[in-house]
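A short worksheet on the structure shown next.
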Amino acid sequence: MRTECTTRKIAVLAVDGENFEVDGHFQGSERKARWYTIIKVADRSVCADQLSQFPTHASIRELIN
């Protein structure tokens, strides 16, 4: 039996003057995301994919610098 994987926007975080969208990837009816993706809102580029923990402002700052 296969369960469907869904993606939902969880948050938009502002870090150093730029906005980043955090998407959560869920399987079936799970309430906790299996992984997270960070997308830069300005150009829709993926900054990080398949993060196991919800990103903080500090972790996003480390990724972009």
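Each chain of the structure tokens is named A, B, ... in the order shown, its residues numbered from 1; ligands are numbered from 1 in display order.
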Task: Selection: 10 Å around Lys9 in chain A, only C-alpha atoms, excl. self and same-chain fewer than 5 positions, as an MDAnalysis selection string - done: chainID A and resid 21:25 36:38
TODO: Name all residues at most 9 Å from Arg34 in chain A (count only C-alpha atoms; drop same-chain ones fewer than 3 positions away) and give them as a list in words.
DONE: Gly24, His25, Phe26, Gln27, Glu30, Gln50, Leu51, Ser52 and Gln53 of chain A
Would you mind listing what lies within 9 Å of range 41-46 of chain A as a PDB file with C-alpha atoms, in the first residue's frame, with only C-alpha atoms counted and same-chain residues fewer than 2 positions away left out?
```pdb
ATOM      1  CA  VAL A  12       8.132  32.425   5.601  1.00  0.00           C
ATOM      2  CA  GLU A  18      15.655  38.333   2.379  1.00  0.00           C
ATOM      3  CA  ASN A  19      12.588  36.109   2.687  1.00  0.00           C
ATOM      4  CA  PHE A  20      12.766  32.320   2.742  1.00  0.00           C
ATOM      5  CA  GLU A  21       9.850  29.918   2.458  1.00  0.00           C
ATOM      6  CA  THR A  37      12.972  22.499   2.056  1.00  0.00           C
ATOM      7  CA  ILE A  38      14.141  26.137   2.150  1.00  0.00           C
ATOM      8  CA  ILE A  39      13.272  28.256  -0.900  1.00  0.00           C
ATOM      9  CA  ALA A  48      18.484  23.539   1.007  1.00  0.00           C
ATOM     10  CA  ASP A  49      16.508  20.329   0.570  1.00  0.00           C
TER      11      ASP A  49
END
```
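For chain A, a DSSP pass over the backbone yields helix (DSSP H, G or I) at His57, Ala58, Ser59, Ile60, Arg61, Glu62, Leu63 and Ile64 of chain A.
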Task: For Thr56 in chain A: contacts at 10 Å, only C-alpha atoms, fewer than 6 positions along chain excluded, given as a PyMOL selection string - done: chain A and resi 13+15+62
Would you put the residues from that selection into a file with N, CA and C atoms, as an mmCIF file, in the first residue's frame?
```
data_model
loop_
_atom_site.group_PDB
_atom_site.id
_atom_site.type_symbol
_atom_site.label_atom_id
_atom_site.label_comp_id
_atom_site.auth_asym_id
_atom_site.auth_seq_id
_atom_site.Cartn_x
_atom_site.Cartn_y
_atom_site.Cartn_z
ATOM 1 N N LEU A 13 10.281 33.021 6.535
ATOM 2 C CA LEU A 13 11.196 33.623 7.498
ATOM 3 C C LEU A 13 12.025 34.711 6.821
ATOM 4 N N VAL A 15 15.408 36.718 6.848
ATOM 5 C CA VAL A 15 16.771 36.609 7.367
ATOM 6 C C VAL A 15 17.646 37.576 6.587
ATOM 7 N N GLU A 62 23.589 30.642 8.141
ATOM 8 C CA GLU A 62 24.790 29.847 7.848
ATOM 9 C C GLU A 62 24.764 29.315 6.422
#
```
Task: All strand (DSSP E or B) positions in chain A, as an MDAnalysis selection string - done: chainID A and resid 5:15 18:27 35:40 45:51
Open item on the list: Let me make sure I understand: among A:Trp35, A:Gly28, A:Cys47, A:Cys5, which one has the smallest atom-to-atom distance to Ser59 in chain A if we use only C-alpha atoms?
Closed with: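 Comparing A:Trp35, A:Gly28, A:Cys47, A:Cys5 against Ser59 in chain A, the winner is A:Cys47.
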TODO: Point out the residue among A:Ala14, A:Thr3, A:Ser29, A:Arg8 with the least atom-to-atom distance to Ile60 in chain A, counting only C-alpha atoms.
DONE: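 Smallest separation from Ile60 in chain A among the options: A:Ala14.
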